[in-house]
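Q: One structure, pasted below without further comment.
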Amino acid sequence: MKVPYMDLKGLHEPINDEIFTAIKAVIDSGSFAGGPFVETFEQQFAKFCKCEHAVGVGSGTEALWMALLALGVGDGDEVITVPNTFIATAEAISFCGAKPVFVDIDEHSYTINPELIEAAITPRTKAIIPVHIFGQMADMDSIMAIAKKHGLFVVEDACQAHGAEYKQRHAGSIGDAGCFSFYPGKNLGAFGEAGAVTTDNLELAQKICALRDHGQLKKNDHCVVGWNGRMDGIQGAVLSVKLKHLNGWNQIRQQNALQYNALLLDAKNIKTPRSSAYNQHAYHIYSVRVPDRSRFMASMEKGGVSCGIHYPFPVHLQKAYAPLGKFQGSFPIAEKCANEFVSLPMCPMLNTEQIEYVSHQIRAVS
Ligand SMILES: *Cc1c(COP(=O)(O)O)cnc(C)c1O
């Protein structure tokens, strides 16, 4: 049996007609850059996230960058985040002229360890970016309390957490802003690149609207130096169609995860992911931990199972971030996890037989 890591073609097949109709409407209207299809999606996505506003941009990376810029993060500032994330989180901080300051993660949730945050705060700290890694939200109550005490902004990196919940509150609705990626493989994926910022703050939403459109809110009236960060009309139209299916797809991901958990319960040398009782995990990634990863990966490959690694190296050990002067041993939990993480096949198209087969292959390794 072959088990792909994900199956986008299969996911889209049942809704292809609806998507083609939506794309044709964009072609007929000529609204390709920003415009009404993006505005409609923004309203739908804000409602989905239980937020007042959503602003569509070109990617998740751009969402993070523009949210920080709009909050006034700039030269000489520091922004606290985790080293076990996609590098974009740190890049967005750097592209504001600020410095990423890393804090180690909690060994069980893999999200930022709130107990370590205060020691990383300095007079230059402007914001905290908790990353809802793999689709599980960080411990937002503790993070918001620390941010309030020290006067810091909180920007949620929700790029892997569309539809995730923390104590019945949606990802992207708790911090000052939430940043989403619609990269094709994400839980809600476009037919290309796209992203969005969510917020309840009208002034902040307007600043981001200006930043993504060359600093103008009115045509030819450029009040700040902005950028071209608009979302494509075609992406807006496709995302509107796919958003209707997101809750259903996330439920299947959760059922898949429960099935993996049950089948791997007593598998030796495997740590399955833990999810706090008050969290709704969106399971963008189902990551297990194995001590001898190269042997494990080779054996899975041989059995026809495609796995992934998110991410093999923590950001502070990447050459691009060598100037920060961190090293092996700086963030021991993130480093240990990065050495052990293996992402098992996970998508709404995964069926029971495939999950049983993957679990069987895992038992054959250990
Ligand atoms: C995907 C991702 C991003 C970046 O999103 P893009 O749309 O690829 O720019 C940022 N942070 C995390 C945690 C991500 O998974």
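As shown in the structure tokens, the chain order sets the letters A, B, ...; within each chain, residues go from 1, and ligands are also counted from 1 in the order they appear.
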How would you report the residues lying within 8 Å of ligand 1, as a PyMOL selection string, if you count only C-alpha atoms and all ligand atoms?

A: chain A and resi 58-64+85-89+131-134+157-160+180-183+186+193-195

Q: Which residues are close to segment 91-95 of chain A, i.e. within 10 Å by only C-alpha atoms, leaving aside same-chain residues fewer than 2 positions away? Reply as a compact mmCIF listing (two decimals) with N, CA, C and O atoms, in the first residue's frame.

A:
```txt
# COMPACT_ATOMS: atom_id res chain seq x y z
N GLY A 60 1.25 34.09 4.40
CA GLY A 60 1.32 34.10 5.85
C GLY A 60 2.51 34.90 6.35
O GLY A 60 2.43 35.60 7.37
N THR A 61 3.61 34.82 5.61
CA THR A 61 4.81 35.58 5.96
C THR A 61 4.49 37.07 5.93
O THR A 61 4.85 37.82 6.85
N GLU A 62 3.78 37.49 4.89
CA GLU A 62 3.41 38.90 4.74
C GLU A 62 2.42 39.32 5.83
O GLU A 62 2.47 40.44 6.34
N ALA A 63 1.52 38.40 6.22
CA ALA A 63 0.56 38.69 7.30
C ALA A 63 1.32 39.02 8.59
O ALA A 63 1.02 40.01 9.27
N LEU A 64 2.32 38.19 8.92
CA LEU A 64 3.11 38.41 10.14
C LEU A 64 3.88 39.73 10.05
O LEU A 64 3.89 40.53 11.00
N TRP A 65 4.50 39.96 8.92
CA TRP A 65 5.32 41.16 8.73
C TRP A 65 4.45 42.41 8.85
O TRP A 65 4.78 43.34 9.60
N MET A 66 3.32 42.43 8.15
CA MET A 66 2.47 43.63 8.15
C MET A 66 1.78 43.85 9.49
O MET A 66 1.57 45.00 9.90
N ALA A 67 1.43 42.78 10.19
CA ALA A 67 0.83 42.93 11.52
C ALA A 67 1.84 43.60 12.45
O ALA A 67 1.50 44.53 13.19
N LEU A 68 3.09 43.15 12.40
CA LEU A 68 4.12 43.74 13.26
C LEU A 68 4.38 45.19 12.88
O LEU A 68 4.46 46.07 13.75
N LEU A 69 4.49 45.47 11.58
CA LEU A 69 4.71 46.85 11.11
C LEU A 69 3.58 47.75 11.59
O LEU A 69 3.81 48.85 12.09
N VAL A 73 6.25 47.89 15.36
CA VAL A 73 7.53 47.21 15.62
C VAL A 73 8.54 47.65 14.57
O VAL A 73 8.25 47.65 13.38
N GLY A 74 9.72 48.07 15.03
CA GLY A 74 10.71 48.60 14.09
C GLY A 74 12.13 48.44 14.60
O GLY A 74 12.40 47.61 15.48
N ASP A 75 13.03 49.26 14.03
CA ASP A 75 14.46 49.21 14.33
C ASP A 75 14.75 49.16 15.82
O ASP A 75 14.24 49.98 16.58
N ASP A 77 13.85 47.13 18.07
CA ASP A 77 12.90 46.44 18.95
C ASP A 77 13.22 44.95 19.03
O ASP A 77 13.91 44.41 18.18
N GLU A 78 12.67 44.32 20.05
CA GLU A 78 12.79 42.87 20.19
C GLU A 78 11.41 42.23 20.21
O GLU A 78 10.47 42.80 20.76
N VAL A 79 11.30 41.07 19.58
CA VAL A 79 10.04 40.33 19.57
C VAL A 79 10.32 38.88 20.00
O VAL A 79 11.22 38.23 19.46
N ILE A 80 9.57 38.44 21.00
CA ILE A 80 9.78 37.11 21.56
C ILE A 80 8.98 36.07 20.78
O ILE A 80 7.80 36.26 20.50
N THR A 81 9.64 34.98 20.40
CA THR A 81 8.95 33.85 19.77
C THR A 81 9.71 32.56 20.07
O THR A 81 10.60 32.56 20.92
N PHE A 86 8.29 27.48 11.56
CA PHE A 86 8.76 27.73 10.21
C PHE A 86 9.53 29.06 10.25
O PHE A 86 9.13 29.99 10.96
N ILE A 87 10.59 29.16 9.50
CA ILE A 87 11.51 30.31 9.61
C ILE A 87 10.82 31.65 9.37
O ILE A 87 11.29 32.70 9.81
N ALA A 88 9.65 31.61 8.69
CA ALA A 88 8.93 32.85 8.36
C ALA A 88 8.61 33.69 9.60
O ALA A 88 8.59 34.92 9.52
N THR A 89 8.34 33.04 10.74
CA THR A 89 8.01 33.78 11.95
C THR A 89 9.16 34.73 12.30
O THR A 89 8.95 35.92 12.60
N GLY A 97 13.10 45.17 10.97
CA GLY A 97 14.28 45.76 11.58
C GLY A 97 14.44 45.38 13.03
O GLY A 97 15.32 45.87 13.73
N ALA A 98 13.57 44.48 13.51
CA ALA A 98 13.63 44.07 14.92
C ALA A 98 14.41 42.76 15.06
O ALA A 98 14.81 42.15 14.07
N LYS A 99 14.62 42.37 16.33
CA LYS A 99 15.42 41.17 16.60
C LYS A 99 14.55 40.08 17.21
O LYS A 99 13.83 40.32 18.19
N PRO A 100 14.58 38.86 16.63
CA PRO A 100 13.86 37.76 17.26
C PRO A 100 14.58 37.31 18.54
O PRO A 100 15.80 37.14 18.53
N VAL A 101 13.84 37.18 19.62
CA VAL A 101 14.39 36.67 20.88
C VAL A 101 13.65 35.36 21.16
O VAL A 101 12.43 35.36 21.33
N ALA A 127 6.75 42.88 21.49
CA ALA A 127 5.65 41.94 21.21
C ALA A 127 6.07 40.50 21.47
O ALA A 127 7.26 40.19 21.56
N ILE A 129 5.17 36.62 19.86
CA ILE A 129 4.46 35.83 18.82
C ILE A 129 4.39 34.38 19.27
O ILE A 129 5.33 33.61 19.06
N VAL A 315 15.17 27.31 14.38
CA VAL A 315 15.60 28.52 13.65
C VAL A 315 16.94 29.06 14.14
O VAL A 315 17.76 29.51 13.34
N ALA A 320 21.23 31.48 8.63
CA ALA A 320 20.68 32.84 8.50
C ALA A 320 20.61 33.54 9.86
O ALA A 320 20.69 34.77 9.93
N TYR A 321 20.45 32.78 10.95
CA TYR A 321 20.31 33.38 12.27
C TYR A 321 21.54 33.18 13.16
O TYR A 321 21.49 33.42 14.36
```

Q: Rank nothing, just name the residue among A:Ile105, A:Met300, A:Ile23, A:Val197 nearest to Arg363 of chain A, using only C-alpha atoms.

A: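 Going through A:Ile105, A:Met300, A:Ile23, A:Val197 one by one, the smallest distance to Arg363 of chain A is for A:Met300.
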
Q: Determine, counting only C-alpha atoms, which protein, DNA and RNA residues have an atom within 10 Å of an atom of Cys223 of chain A; residues of the same chain fewer than 3 positions away are not included. Present the result as a ChimeraX atom specification.

A: /A:210-211,214-218,220,226

Q: Between A:Lys302, A:His170, A:Lys126, A:His316, single out the one closest to Gln361 of chain A, counting only C-alpha atoms.

A: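 Counting only C-alpha atoms, the residue closest to Gln361 of chain A is A:Lys302.
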